[in-house]
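Have a look at input-v8.txt below; it lists compact mmCIF, C-alpha atoms.
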# COMPACT_ATOMS: atom_id res chain seq x y z
CA MET A 1 118.62 -39.86 160.19
CA THR A 2 120.03 -43.16 158.90
CA LYS A 3 119.45 -44.60 155.43
CA VAL A 4 120.78 -47.45 153.27
CA VAL A 5 121.98 -47.61 149.67
CA LYS A 6 122.54 -50.92 147.86
CA ILE A 7 125.83 -51.09 145.90
CA TYR A 8 127.00 -54.15 143.94
CA LEU A 9 130.71 -54.94 144.08
CA ILE A 10 133.41 -56.21 141.71
CA CYS A 11 136.52 -57.75 143.28
CA LYS A 12 139.78 -55.84 142.72
CA GLN A 13 141.98 -57.54 145.31
CA LYS A 14 145.71 -58.22 144.86
CA ASP A 15 148.05 -60.62 146.62
CA LYS A 16 151.42 -59.71 148.11
CA GLU A 17 153.11 -60.23 144.73
CA GLY A 18 150.78 -57.70 143.12
CA ASN A 19 148.73 -60.27 141.20
CA GLU A 20 144.96 -59.86 141.03
CA VAL A 21 143.14 -62.49 143.10
CA ASP A 22 140.42 -64.53 141.37
CA TYR A 23 137.01 -63.32 142.50
CA LYS A 24 135.97 -66.96 143.09
CA GLU A 25 138.56 -67.19 145.87
CA ILE A 26 137.27 -63.95 147.41
CA TYR A 27 133.74 -65.35 147.29
CA LYS A 28 134.86 -68.49 149.16
CA TRP A 29 136.28 -66.35 151.97
CA LEU A 30 133.15 -64.21 152.10
CA TRP A 31 130.91 -67.28 152.27
CA ASP A 32 133.05 -68.60 155.10
CA LEU A 33 132.66 -65.26 156.92
CA GLN A 34 128.92 -65.56 156.33
CA ARG A 35 128.98 -68.98 157.99
CA GLN A 36 131.07 -67.63 160.87
CA THR A 37 128.68 -64.69 161.33
CA ARG A 38 125.75 -67.07 161.70
CA GLU A 39 127.65 -69.23 164.18
CA LEU A 40 128.83 -66.20 166.17
CA LYS A 41 125.38 -64.60 166.45
CA ASN A 42 123.75 -67.83 167.52
CA LYS A 43 126.48 -68.19 170.15
CA VAL A 44 125.74 -64.63 171.38
CA ILE A 45 122.02 -65.47 171.67
CA GLN A 46 122.97 -68.56 173.68
CA TYR A 47 125.08 -66.52 176.11
CA CYS A 48 122.30 -63.92 176.47
CA TRP A 49 119.70 -66.62 177.17
CA GLU A 50 121.94 -68.33 179.74
CA TRP A 51 122.56 -65.00 181.46
CA ASN A 52 118.83 -64.24 181.49
CA ASN A 53 118.12 -67.63 183.17
CA PHE A 54 120.89 -67.02 185.70
CA GLN A 55 119.38 -63.60 186.53
CA SER A 56 115.96 -65.17 187.11
CA ASP A 57 117.35 -67.86 189.43
CA TYR A 58 119.44 -65.28 191.28
CA TYR A 59 116.38 -63.07 191.81
CA LYS A 60 114.40 -65.97 193.29
CA LEU A 61 117.13 -66.61 195.85
CA ASN A 62 118.19 -63.01 196.68
CA GLY A 63 115.21 -60.82 195.83
CA LYS A 64 117.25 -58.67 193.43
CA TYR A 65 118.88 -59.01 190.05
CA PRO A 66 122.69 -59.41 189.83
CA LYS A 67 124.95 -56.91 188.10
CA ASP A 68 126.95 -58.44 185.28
CA LYS A 69 130.21 -56.82 186.40
CA ASP A 70 129.89 -58.33 189.90
CA VAL A 71 129.43 -61.84 188.53
CA LEU A 72 131.34 -61.88 185.23
CA ASP A 73 134.00 -59.22 185.95
CA TYR A 74 132.83 -57.65 182.66
CA THR A 75 129.71 -56.24 181.15
CA LEU A 76 127.82 -59.05 179.43
CA ASN A 77 128.94 -57.64 176.08
CA GLY A 78 132.59 -57.62 177.15
CA TYR A 79 132.30 -61.13 178.59
CA ILE A 80 130.92 -62.47 175.29
CA TYR A 81 133.65 -60.70 173.30
CA ASP A 82 136.37 -62.23 175.48
CA LYS A 83 134.89 -65.72 175.04
CA VAL A 84 134.62 -65.62 171.25
CA LYS A 85 137.43 -63.30 170.07
CA ASP A 86 139.88 -66.12 169.21
CA ARG A 87 137.35 -68.38 167.50
CA TYR A 88 136.67 -66.34 164.38
CA ASP A 89 138.48 -64.60 161.54
CA PHE A 90 136.77 -61.20 161.90
CA ASN A 91 138.73 -58.11 162.78
CA SER A 92 137.86 -56.66 166.20
CA GLY A 93 135.54 -53.92 164.90
CA ASN A 94 133.38 -56.28 162.84
CA LEU A 95 133.33 -58.84 165.66
CA THR A 96 132.03 -56.18 168.04
CA THR A 97 129.40 -55.08 165.49
CA SER A 98 128.04 -58.63 165.13
CA ILE A 99 127.95 -59.15 168.91
CA ASN A 100 126.15 -55.83 169.44
CA ASP A 101 123.62 -56.61 166.70
CA ALA A 102 122.72 -60.04 168.13
CA GLU A 103 122.62 -58.79 171.74
CA LYS A 104 120.33 -55.91 170.74
CA ASN A 105 118.08 -58.34 168.87
CA PHE A 106 117.79 -60.54 171.97
CA LYS A 107 116.99 -57.62 174.28
CA ASN A 108 114.27 -56.34 171.94
CA ALA A 109 112.64 -59.78 171.76
CA LYS A 110 113.23 -60.89 175.39
CA THR A 111 109.84 -59.88 176.77
CA ASP A 112 107.95 -61.71 174.00
CA ILE A 113 110.24 -64.75 174.39
CA ILE A 114 109.54 -64.97 178.14
CA LYS A 115 105.78 -64.65 177.49
CA GLY A 116 105.97 -67.44 174.95
CA ASP A 117 104.80 -65.18 172.13
CA LYS A 118 108.07 -65.51 170.26
CA SER A 119 110.72 -68.19 169.90
CA ILE A 120 114.39 -67.57 170.63
CA THR A 121 116.11 -65.94 167.67
CA GLU A 122 117.99 -68.35 165.43
CA TYR A 123 120.16 -66.97 162.64
CA LYS A 124 120.09 -68.80 159.31
CA SER A 125 122.76 -69.63 156.74
CA ASP A 126 122.15 -66.58 154.50
CA GLN A 127 123.26 -64.25 157.29
CA PRO A 128 124.80 -60.92 156.08
CA VAL A 129 128.38 -60.15 157.08
CA ASP A 130 128.46 -57.25 159.56
CA ILE A 131 130.91 -54.41 158.95
CA HIS A 132 131.97 -51.76 161.45
CA ASN A 133 131.76 -48.20 160.12
CA LYS A 134 135.53 -47.70 160.53
CA SER A 135 136.15 -50.80 158.42
CA ILE A 136 134.85 -49.02 155.31
CA ARG A 137 136.82 -46.54 153.19
CA ILE A 138 135.47 -45.15 149.91
CA TRP A 139 137.40 -43.12 147.33
CA TYR A 140 137.37 -42.14 143.68
CA ASP A 141 140.05 -43.17 141.16
CA ASN A 142 138.55 -43.16 137.67
CA GLY A 143 135.63 -44.97 139.27
CA TYR A 144 134.31 -45.46 142.80
CA TYR A 145 136.11 -47.97 145.01
CA VAL A 146 135.74 -49.27 148.53
CA LYS A 147 138.18 -50.99 150.87
CA ILE A 148 136.45 -53.17 153.44
CA SER A 149 138.46 -54.42 156.39
CA LEU A 150 136.92 -57.83 157.11
CA LEU A 151 139.65 -60.12 158.43
CA ASN A 152 142.10 -60.09 161.31
CA LYS A 153 145.84 -59.85 160.62
CA LYS A 154 146.48 -63.57 161.08
CA LYS A 155 143.90 -64.54 158.47
CA PHE A 156 145.17 -61.97 155.98
CA ASN A 157 148.74 -63.24 156.35
CA ASP A 158 147.55 -66.84 155.91
CA LEU A 159 145.80 -65.86 152.66
CA ASN A 160 148.88 -63.99 151.33
CA LEU A 161 146.88 -60.82 150.62
CA GLN A 162 148.51 -57.47 149.86
CA GLU A 163 146.92 -55.44 152.65
CA GLY A 164 144.48 -55.59 155.53
CA SER A 165 141.39 -54.75 153.49
CA LEU A 166 139.55 -56.31 150.57
CA THR A 167 139.25 -53.94 147.61
CA PHE A 168 136.13 -53.71 145.43
CA LYS A 169 134.97 -51.51 142.59
CA MET A 170 131.50 -50.10 143.24
CA ILE A 171 128.90 -50.48 140.49
CA ILE A 172 126.91 -47.24 140.47
CA LYS A 173 124.26 -46.95 137.76
CA ASP A 174 122.06 -44.07 138.89
CA LYS A 175 122.60 -40.44 139.82
CA SER A 176 120.99 -40.84 143.26
CA SER A 177 123.48 -43.52 144.35
CA LYS A 178 126.36 -41.51 142.90
CA ALA A 179 125.30 -38.44 144.88
CA ILE A 180 125.12 -40.49 148.09
CA ILE A 181 128.59 -42.00 147.55
CA GLU A 182 130.08 -38.58 146.80
CA ARG A 183 128.56 -37.16 149.97
CA CYS A 184 130.09 -40.04 151.93
CA ILE A 185 133.49 -39.26 150.37
CA ASP A 186 133.05 -35.57 151.26
CA ASN A 187 132.01 -36.47 154.84
CA VAL A 188 128.68 -34.74 154.28
CA TYR A 189 127.19 -38.14 155.15
CA LYS A 190 128.66 -40.27 157.91
CA ILE A 191 129.12 -43.97 157.17
CA SER A 192 127.45 -46.22 159.74
CA ALA A 193 127.75 -49.95 160.49
CA SER A 194 126.84 -51.75 157.26
CA LYS A 195 126.39 -55.25 155.84
CA MET A 196 127.69 -57.36 152.94
CA ILE A 197 125.06 -59.64 151.42
CA TYR A 198 125.18 -62.32 148.74
CA ASP A 199 122.58 -62.07 145.98
CA LYS A 200 121.85 -65.67 144.91
CA LYS A 201 119.96 -64.63 141.77
CA LYS A 202 122.72 -62.36 140.45
CA LYS A 203 125.45 -64.52 142.01
CA SER A 204 127.17 -61.43 143.29
CA TRP A 205 127.96 -59.69 146.58
CA TYR A 206 126.64 -56.25 147.35
CA LEU A 207 127.17 -53.72 150.11
CA ASN A 208 124.19 -52.43 152.05
CA LEU A 209 125.92 -49.17 152.88
CA CYS A 210 124.33 -47.42 155.84
CA TYR A 211 124.87 -43.70 156.12
CA SER A 212 123.58 -41.07 158.50
CA PHE A 213 123.22 -37.34 158.39
CA GLU A 214 121.76 -34.54 160.39
CA ASN A 215 119.23 -32.25 158.85
CA GLY A 216 121.77 -29.89 157.26
CA ILE A 217 119.15 -27.29 156.42
CA SER A 218 119.92 -24.10 158.29
CA ASN A 219 117.11 -21.94 159.60
CA ASP A 220 119.37 -18.94 159.09
CA LEU A 221 119.25 -19.13 155.28
CA ASN A 222 117.68 -16.13 153.58
CA LYS A 223 115.91 -16.89 150.28
CA ASP A 224 116.26 -13.23 149.29
CA LYS A 225 120.03 -13.43 149.65
CA ILE A 226 121.50 -14.71 146.38
CA LEU A 227 125.08 -15.79 145.75
CA GLY A 228 126.05 -15.17 142.11
CA VAL A 229 128.66 -17.56 140.72
CA ASP A 230 130.78 -16.86 137.64
CA LEU A 231 132.94 -19.62 136.11
CA GLY A 232 135.86 -18.58 133.96
CA ILE A 233 139.47 -18.90 132.90
CA HIS A 234 141.41 -16.38 135.01
CA TYR A 235 139.33 -17.40 138.04
CA ALA A 236 137.91 -20.91 138.04
CA VAL A 237 135.18 -19.73 140.43
CA TYR A 238 134.24 -16.18 141.39
CA ALA A 239 131.23 -15.48 143.60
CA SER A 240 129.63 -12.64 145.50
CA VAL A 241 126.32 -11.62 147.07
CA TYR A 242 124.68 -8.76 145.17
CA GLY A 243 125.52 -5.42 146.79
CA ASP A 244 128.22 -6.94 149.00
CA TRP A 245 131.84 -5.92 148.42
CA LYS A 246 133.04 -9.23 149.92
CA ARG A 247 133.82 -11.93 147.41
CA PHE A 248 134.82 -15.58 147.09
CA SER A 249 137.31 -16.60 144.42
CA ILE A 250 139.47 -19.52 143.32
CA GLU A 251 142.19 -18.82 140.81
CA GLY A 252 142.33 -20.99 137.70
CA GLY A 253 146.09 -21.43 137.74
CA GLU A 254 145.99 -24.75 139.57
CA ILE A 255 143.76 -26.26 136.90
CA ASN A 256 145.72 -24.89 133.96
CA ALA A 257 149.12 -25.89 135.35
CA PHE A 258 148.11 -29.47 136.09
CA ARG A 259 146.28 -29.97 132.80
CA ASN A 260 149.09 -28.52 130.67
CA LYS A 261 151.73 -30.56 132.48
CA THR A 262 149.86 -33.86 132.25
CA GLU A 263 148.68 -33.31 128.66
CA LYS A 264 152.28 -32.72 127.52
CA ARG A 265 153.34 -35.86 129.36
CA ARG A 266 150.56 -37.91 127.78
CA ILE A 267 151.37 -36.73 124.24
CA SER A 268 155.04 -37.52 124.83
CA MET A 269 154.26 -41.04 126.05
CA LYS A 270 152.00 -41.72 123.08
CA ARG A 271 154.84 -40.79 120.73
CA GLN A 272 157.22 -43.03 122.63
CA GLY A 273 154.85 -46.02 122.31
CA LYS A 274 156.51 -47.22 119.11
CA TYR A 275 159.85 -47.42 120.95
CA CYS A 276 158.43 -49.38 123.92
CA GLY A 277 160.28 -52.23 125.58
CA GLU A 278 159.95 -55.96 125.03
CA GLY A 279 157.14 -56.31 127.58
CA ARG A 280 154.80 -54.16 125.53
CA ILE A 281 155.75 -55.16 121.99
CA GLY A 282 153.34 -57.42 120.13
CA HIS A 283 150.43 -56.90 122.53
CA GLY A 284 148.40 -54.43 120.50
CA ARG A 285 147.85 -50.72 120.51
CA ASN A 286 146.15 -50.59 123.93
CA THR A 287 149.13 -52.19 125.65
CA ARG A 288 151.58 -49.84 123.95
CA THR A 289 149.58 -46.76 124.92
CA LYS A 290 148.65 -47.94 128.44
CA PRO A 291 151.03 -45.51 130.24
CA ALA A 292 149.50 -42.62 128.30
CA LEU A 293 145.99 -43.82 129.21
CA ASN A 294 147.04 -43.92 132.85
CA ILE A 295 148.05 -40.27 132.56
CA GLY A 296 144.54 -39.55 131.28
CA ASN A 297 143.09 -41.31 134.32
CA LYS A 298 145.19 -39.09 136.58
CA ILE A 299 143.78 -36.01 134.88
CA GLU A 300 140.24 -37.26 135.43
CA LEU A 301 140.96 -38.08 139.07
CA PHE A 302 142.54 -34.66 139.67
CA ARG A 303 139.58 -32.96 137.98
CA ASP A 304 137.06 -34.87 140.10
CA THR A 305 138.95 -34.22 143.34
CA THR A 306 139.41 -30.53 142.50
CA ASN A 307 135.74 -30.08 141.62
CA HIS A 308 134.82 -31.67 144.95
CA LYS A 309 137.12 -29.24 146.73
CA TYR A 310 135.90 -26.17 144.85
CA SER A 311 132.20 -27.00 145.21
CA LYS A 312 132.51 -27.68 148.94
CA ALA A 313 134.34 -24.40 149.54
CA LEU A 314 131.74 -22.45 147.55
CA VAL A 315 128.75 -23.98 149.36
CA ASP A 316 130.42 -23.42 152.74
CA TYR A 317 130.80 -19.75 151.79
CA ALA A 318 127.11 -19.58 150.85
CA VAL A 319 126.07 -21.09 154.20
CA LYS A 320 128.39 -18.77 156.10
CA ASN A 321 126.77 -15.79 154.40
CA GLN A 322 123.24 -17.20 154.91
CA CYS A 323 122.51 -17.36 151.18
CA GLY A 324 119.30 -19.27 150.48
CA VAL A 325 119.91 -19.25 146.72
CA ILE A 326 122.93 -19.85 144.50
CA GLN A 327 122.62 -18.51 140.96
CA ILE A 328 125.07 -19.95 138.48
CA GLU A 329 125.60 -19.64 134.76
CA ASP A 330 123.78 -22.11 132.53
CA LEU A 331 126.71 -23.06 130.32
CA SER A 332 124.99 -25.72 128.21
CA GLY A 333 126.00 -25.32 124.60
CA ILE A 334 128.86 -22.95 125.32
CA SER A 335 131.63 -25.60 125.46
CA LYS A 336 132.09 -25.64 121.70
CA ASP A 337 133.20 -22.02 121.90
CA ASN A 338 135.23 -22.33 125.09
CA LYS A 339 137.88 -25.08 125.10
CA PHE A 340 138.82 -24.38 128.70
CA LEU A 341 135.31 -25.03 130.02
CA LYS A 342 134.95 -28.05 127.77
CA ASN A 343 138.21 -29.63 128.95
CA TRP A 344 137.60 -28.90 132.60
CA SER A 345 134.10 -30.45 132.70
CA TYR A 346 132.17 -27.45 134.03
CA PHE A 347 129.04 -29.61 134.07
CA ASP A 348 130.62 -31.89 136.68
CA LEU A 349 131.53 -28.86 138.81
CA GLN A 350 128.00 -27.46 138.52
CA THR A 351 126.54 -30.86 139.44
CA LYS A 352 128.71 -31.08 142.55
CA ILE A 353 127.75 -27.53 143.56
CA LYS A 354 124.07 -28.37 143.17
CA THR A 355 124.36 -31.64 145.14
CA LYS A 356 126.16 -30.04 148.07
CA ALA A 357 123.93 -26.94 148.05
CA GLN A 358 120.72 -28.96 148.15
CA SER A 359 122.01 -30.96 151.13
CA LYS A 360 122.20 -27.63 152.97
CA GLY A 361 118.75 -26.49 151.86
CA ILE A 362 120.10 -23.99 149.32
CA GLU A 363 118.23 -23.59 146.04
CA VAL A 364 120.32 -23.60 142.85
CA VAL A 365 119.10 -21.49 139.92
CA TYR A 366 120.68 -21.52 136.47
CA VAL A 367 120.69 -18.22 134.57
CA ASN A 368 121.56 -17.28 130.99
CA PRO A 369 125.12 -15.88 131.09
CA LYS A 370 124.61 -13.80 127.96
CA TYR A 371 125.68 -10.18 128.54
CA THR A 372 126.41 -10.74 132.26
CA SER A 373 130.09 -10.06 131.57
CA GLN A 374 129.27 -6.91 129.52
CA ARG A 375 126.63 -5.43 131.86
CA CYS A 376 127.58 -2.87 134.47
CA SER A 377 126.34 -4.20 137.80
CA ARG A 378 126.08 -0.63 139.14
CA CYS A 379 124.11 1.22 136.42
CA GLY A 380 122.93 -1.65 134.19
CA TYR A 381 124.54 -0.33 130.98
CA ILE A 382 125.46 -3.12 128.51
CA ASP A 383 128.29 -2.70 126.05
CA LYS A 384 130.98 -5.09 124.85
CA GLU A 385 133.47 -2.24 125.28
CA ASN A 386 132.85 -2.37 129.04
CA ARG A 387 135.07 -5.43 129.23
CA LYS A 388 138.05 -4.82 127.01
CA THR A 389 140.25 -7.38 128.80
CA GLN A 390 139.63 -10.70 130.52
CA GLU A 391 140.50 -9.29 133.93
CA PHE A 392 139.20 -5.70 134.13
CA PHE A 393 135.78 -4.08 133.74
CA LEU A 394 135.24 -0.37 133.01
CA CYS A 395 131.73 0.93 132.38
CA GLN A 396 131.68 3.26 129.37
CA LYS A 397 128.67 5.10 130.78
CA CYS A 398 129.17 5.61 134.53
CA GLY A 399 132.89 4.88 134.82
CA TYR A 400 132.46 2.00 137.29
CA ASN A 401 135.81 0.18 137.50
CA GLU A 402 136.10 -3.32 139.02
CA ASN A 403 137.43 -6.81 138.64
CA ALA A 404 135.60 -8.24 135.62
CA ASP A 405 134.72 -11.54 137.27
CA TYR A 406 133.41 -9.80 140.38
CA ASN A 407 131.22 -7.58 138.22
CA ALA A 408 129.89 -10.65 136.37
CA SER A 409 129.12 -12.45 139.65
CA GLN A 410 127.25 -9.37 140.86
CA ASN A 411 125.07 -9.48 137.74
CA ILE A 412 124.49 -13.22 138.04
CA GLY A 413 123.43 -12.71 141.66
CA VAL A 414 120.52 -10.42 140.69
CA LYS A 415 117.08 -11.99 140.96
CA ASP A 416 115.46 -12.48 137.51
CA ILE A 417 118.61 -11.18 135.78
CA ASP A 418 117.58 -12.97 132.54
CA THR A 419 114.38 -10.92 132.33
CA ILE A 420 116.12 -7.69 133.32
CA ILE A 421 118.74 -8.08 130.56
CA ALA A 422 116.16 -9.14 127.96
CA ASN A 423 114.03 -6.06 128.69
CA SER A 424 117.02 -3.73 128.50
CA LYS A 425 118.16 -4.88 125.03
Please rewrite the model in this file as structure tokens.
Amino acid sequence: MTKVVKIYLICKQKDKEGNEVDYKEIYKWLWDLQRQTRELKNKVIQYCWEWNNFQSDYYKLNGKYPKDKDVLDYTLNGYIYDKVKDRYDFNSGNLTTSINDAEKNFKNAKTDIIKGDKSITEYKSDQPVDIHNKSIRIWYDNGYYVKISLLNKKKFNDLNLQEGSLTFKMIIKDKSSKAIIERCIDNVYKISASKMIYDKKKKSWYLNLCYSFENGISNDLNKDKILGVDLGIHYAVYASVYGDWKRFSIEGGEINAFRNKTEKRRISMKRQGKYCGEGRIGHGRNTRTKPALNIGNKIELFRDTTNHKYSKALVDYAVKNQCGVIQIEDLSGISKDNKFLKNWSYFDLQTKIKTKAQSKGIEVVYVNPKYTSQRCSRCGYIDKENRKTQEFFLCQKCGYNENADYNASQNIGVKDIDTIIANSK
């Protein structure tokens, strides 16, 4: 299945000296590519029409249609590419995409054109710029960005640009678009050939990003099989299927180490701001503290990337174990009591888990975490003395001894655990 999402773009291109290029200059180049796209596609239609007429004349003389390779030494597509490749500024992938699009358009309309029911296709001046799927790269860096490879090497060198792709910041205003972009970054969705279009009303360029995906819903998922997920400090993620000794866990050390290191660095750089060099003196507080703010951006980027990694690994585990449901703690309101969860943005992690799970057909259920860490998953006895330490659980009634996070995940993985706990208190 292939779909399209519309994303407006802000230019973030730099020249070879590292200076940001004025967006008006970028727009001039894009408009010129728009003009070239129109010219190229009309040229492709011309070649297709000429070849169609040649085929008809050949058939009248020989009683059969000619093969393009016998006459042109190429396929028709390859022949056209060879004729036009040096006339335009497109890179090879985008040139091929435009040729394929126009040739396909002609073939679809050929029967109606021959009958006289339709005129030969003529592309107009507002033609979108075609982009090959491999010419698009999306990533996150304190915001969503896209590099679009539009020009060939010669044109880029002539324009004195820093690299072979134009860089844009993506304007994403709704959760649906954000989810789509994140799935493209995670390779859950595959980017297809897309188009850049100029919006005359908003006077801005946008990307019609095409993406495709297979129906990721597995018929093997069992709705009665629940994966309980516990989020915590010692283990960032701990999960297990109720009654199953197997478990999935990610230690929290990576998060703590990175956060502590970068936070110390940021505090240090803030203190050093008053001793900054000549280049930052007299330009206001923001300029003086810019290096420290950059450290903060790195923390956010690391957090986002790590949450992507953790959520993908967890959902893959759920699919592997045929879990039709993921039950996870509803941690809303708990951040004020837990600085770790507040700093690490547990909500972002939960959101990414939900997004990836739903793409696989897995239902996500939020449960009240109250008493799940104190309840014995074997006998159901609840007592705060059951968990005397962060790491170990020992039931004061039945003597059940286990990893505390595993025990909590077993409780969270019980269907209707909220009701069961409420009735037992």
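Rounded to one decimal, CA of Asp89 in chain A and CA of Phe156 in chain A lie 9.1 Å from each other.
Using all atoms listed in the file, the shortest contact distance between Asn321 in chain A and any of A:Ile382, A:Val367, A:Val241, A:Cys395 is found at A:Val241.
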Residues within 12 Å of Trp29 in chain A, only C-alpha atoms, excluding chain neighbours under 5 positions, as a PDB file with C-alpha atoms, in the coordinates of the input:
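Output below, filename out-v9.pdb:
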ATOM      1  CA  VAL A  21     143.140 -62.490 143.100  1.00  0.00           C
ATOM      2  CA  ASP A  22     140.420 -64.530 141.370  1.00  0.00           C
ATOM      3  CA  TYR A  23     137.010 -63.320 142.500  1.00  0.00           C
ATOM      4  CA  LYS A  24     135.970 -66.960 143.090  1.00  0.00           C
ATOM      5  CA  GLN A  34     128.920 -65.560 156.330  1.00  0.00           C
ATOM      6  CA  ARG A  35     128.980 -68.980 157.990  1.00  0.00           C
ATOM      7  CA  GLN A  36     131.070 -67.630 160.870  1.00  0.00           C
ATOM      8  CA  ASP A  89     138.480 -64.600 161.540  1.00  0.00           C
ATOM      9  CA  PHE A  90     136.770 -61.200 161.900  1.00  0.00           C
ATOM     10  CA  VAL A 129     128.380 -60.150 157.080  1.00  0.00           C
ATOM     11  CA  LEU A 150     136.920 -57.830 157.110  1.00  0.00           C
ATOM     12  CA  LEU A 151     139.650 -60.120 158.430  1.00  0.00           C
ATOM     13  CA  LYS A 155     143.900 -64.540 158.470  1.00  0.00           C
ATOM     14  CA  PHE A 156     145.170 -61.970 155.980  1.00  0.00           C
ATOM     15  CA  ASP A 158     147.550 -66.840 155.910  1.00  0.00           C
ATOM     16  CA  LEU A 159     145.800 -65.860 152.660  1.00  0.00           C
ATOM     17  CA  LEU A 166     139.550 -56.310 150.570  1.00  0.00           C
ATOM     18  CA  TRP A 205     127.960 -59.690 146.580  1.00  0.00           C
TER      19      TRP A 205
END
Show me the residues close to (118.8, -11.1, 137.2) - anything with an atom within 12 Å, counting only C-alpha atoms - and format the list as a ChimeraX atom specification.
/A:226-228,242,327-329,365-372,375,377,380,408-424
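In this structure, CA of Tyr47 in chain A sits 24.0 Å away from CA of Ser194 in chain A.
The shell of residues at most 7 Å from range 170-177 of chain A, with all atoms listed in the file counted and near chain neighbours (fewer than 4 positions) removed, consists of A:Val5, A:Ile7, A:Tyr8, A:Leu9, A:Ile10, A:Tyr144, A:Tyr145, A:Val146, A:Ile181.
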Polymer residues at most 8 Å from Ile80 in chain A, all atoms listed in the file, same-chain spacing of 2 or more positions, as a PyMOL selection string
chain A and resi 44+47+76-78+82-84+99
Can you work out which one of A:Asn105, A:Ala313, A:Ser125, A:Leu161 has the shortest atom-to-atom distance to Asn19 in chain A, counting all atoms listed in the file?
A:Leu161
I'd like the neighbourhood of Asn100 in chain A as a list of chain:residue names, where a residue qualifies if any of its atoms comes within 12 Å (using only C-alpha atoms), though same-chain residues fewer than 6 positions away should be ignored.
A:Leu40, A:Lys41, A:Val44, A:Ile45, A:Cys48, A:Leu76, A:Asn77, A:Gly78, A:Ile80, A:Tyr81, A:Gly93, A:Asn94, A:Phe106, A:Lys107, A:Asp130, A:Ile131, A:His132, A:Ala193
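Nearest to Ser192 in chain A of all the residues A:Ser249, A:Tyr310, A:Ser212, A:Asn152 is A:Ser212, based on only C-alpha atoms.
Using all atoms listed in the file for every distance, the candidate list A:Lys110, A:Arg303, A:Lys397, A:Lys225 yields A:Lys225 as the residue closest to Gly324 in chain A.
Atom to atom, CA of Gln322 in chain A and CA of Asp186 in chain A stand 21.1 Å apart.
Nearest to Ile26 in chain A of all the residues A:Phe213, A:Phe168, A:Phe54, A:Tyr74 is A:Phe168, counting all atoms listed in the file.
If only C-alpha atoms are the atoms counted, then among A:Asp86, A:Ile120, A:Cys210, A:Pro66 the closest residue to Met1 in chain A is A:Cys210.
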Work out where the centre of an axis-aligned box around every listed atom of range 170-182 of chain A lies and how long its edges are once 6 Å is added on each side; give both in Å to one decimal as AutoDock Vina command-line options.
--center_x 126.2 --center_y -44.5 --center_z 142.9 --size_x 22.5 --size_y 24.0 --size_z 22.3
Complete range 410-421 of chain A at the level of N, CA and C atoms, written as a PDB file, in the frame of the given file.
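Listed below is the output, selection.pdb:
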ATOM      1  N   GLN A 410     128.271 -10.275 140.340  1.00  0.00           N
ATOM      2  CA  GLN A 410     127.250  -9.370 140.860  1.00  0.00           C
ATOM      3  C   GLN A 410     126.005  -9.386 139.968  1.00  0.00           C
ATOM      4  N   ASN A 411     126.206  -9.394 138.666  1.00  0.00           N
ATOM      5  CA  ASN A 411     125.070  -9.480 137.740  1.00  0.00           C
ATOM      6  C   ASN A 411     124.331 -10.803 137.871  1.00  0.00           C
ATOM      7  N   ILE A 412     125.099 -11.888 137.940  1.00  0.00           N
ATOM      8  CA  ILE A 412     124.490 -13.220 138.040  1.00  0.00           C
ATOM      9  C   ILE A 412     123.703 -13.364 139.333  1.00  0.00           C
ATOM     10  N   GLY A 413     124.107 -12.626 140.370  1.00  0.00           N
ATOM     11  CA  GLY A 413     123.430 -12.710 141.660  1.00  0.00           C
ATOM     12  C   GLY A 413     122.163 -11.874 141.768  1.00  0.00           C
ATOM     13  N   VAL A 414     121.754 -11.226 140.682  1.00  0.00           N
ATOM     14  CA  VAL A 414     120.520 -10.420 140.690  1.00  0.00           C
ATOM     15  C   VAL A 414     119.325 -11.321 140.397  1.00  0.00           C
ATOM     16  N   LYS A 415     118.292 -11.205 141.181  1.00  0.00           N
ATOM     17  CA  LYS A 415     117.080 -11.990 140.960  1.00  0.00           C
ATOM     18  C   LYS A 415     116.467 -11.628 139.603  1.00  0.00           C
ATOM     19  N   ASP A 416     116.081 -12.651 138.835  1.00  0.00           N
ATOM     20  CA  ASP A 416     115.460 -12.480 137.510  1.00  0.00           C
ATOM     21  C   ASP A 416     116.355 -11.702 136.545  1.00  0.00           C
ATOM     22  N   ILE A 417     117.673 -11.918 136.638  1.00  0.00           N
ATOM     23  CA  ILE A 417     118.610 -11.180 135.780  1.00  0.00           C
ATOM     24  C   ILE A 417     118.341 -11.444 134.299  1.00  0.00           C
ATOM     25  N   ASP A 418     117.870 -12.656 133.949  1.00  0.00           N
ATOM     26  CA  ASP A 418     117.580 -12.970 132.540  1.00  0.00           C
ATOM     27  C   ASP A 418     116.544 -12.005 131.976  1.00  0.00           C
ATOM     28  N   THR A 419     115.470 -11.804 132.764  1.00  0.00           N
ATOM     29  CA  THR A 419     114.380 -10.920 132.330  1.00  0.00           C
ATOM     30  C   THR A 419     114.842  -9.478 132.267  1.00  0.00           C
ATOM     31  N   ILE A 420     115.625  -9.070 133.266  1.00  0.00           N
ATOM     32  CA  ILE A 420     116.120  -7.690 133.320  1.00  0.00           C
ATOM     33  C   ILE A 420     116.966  -7.371 132.092  1.00  0.00           C
ATOM     34  N   ILE A 421     117.877  -8.299 131.725  1.00  0.00           N
ATOM     35  CA  ILE A 421     118.740  -8.080 130.560  1.00  0.00           C
ATOM     36  C   ILE A 421     117.926  -8.101 129.284  1.00  0.00           C
TER      37      ILE A 421
END
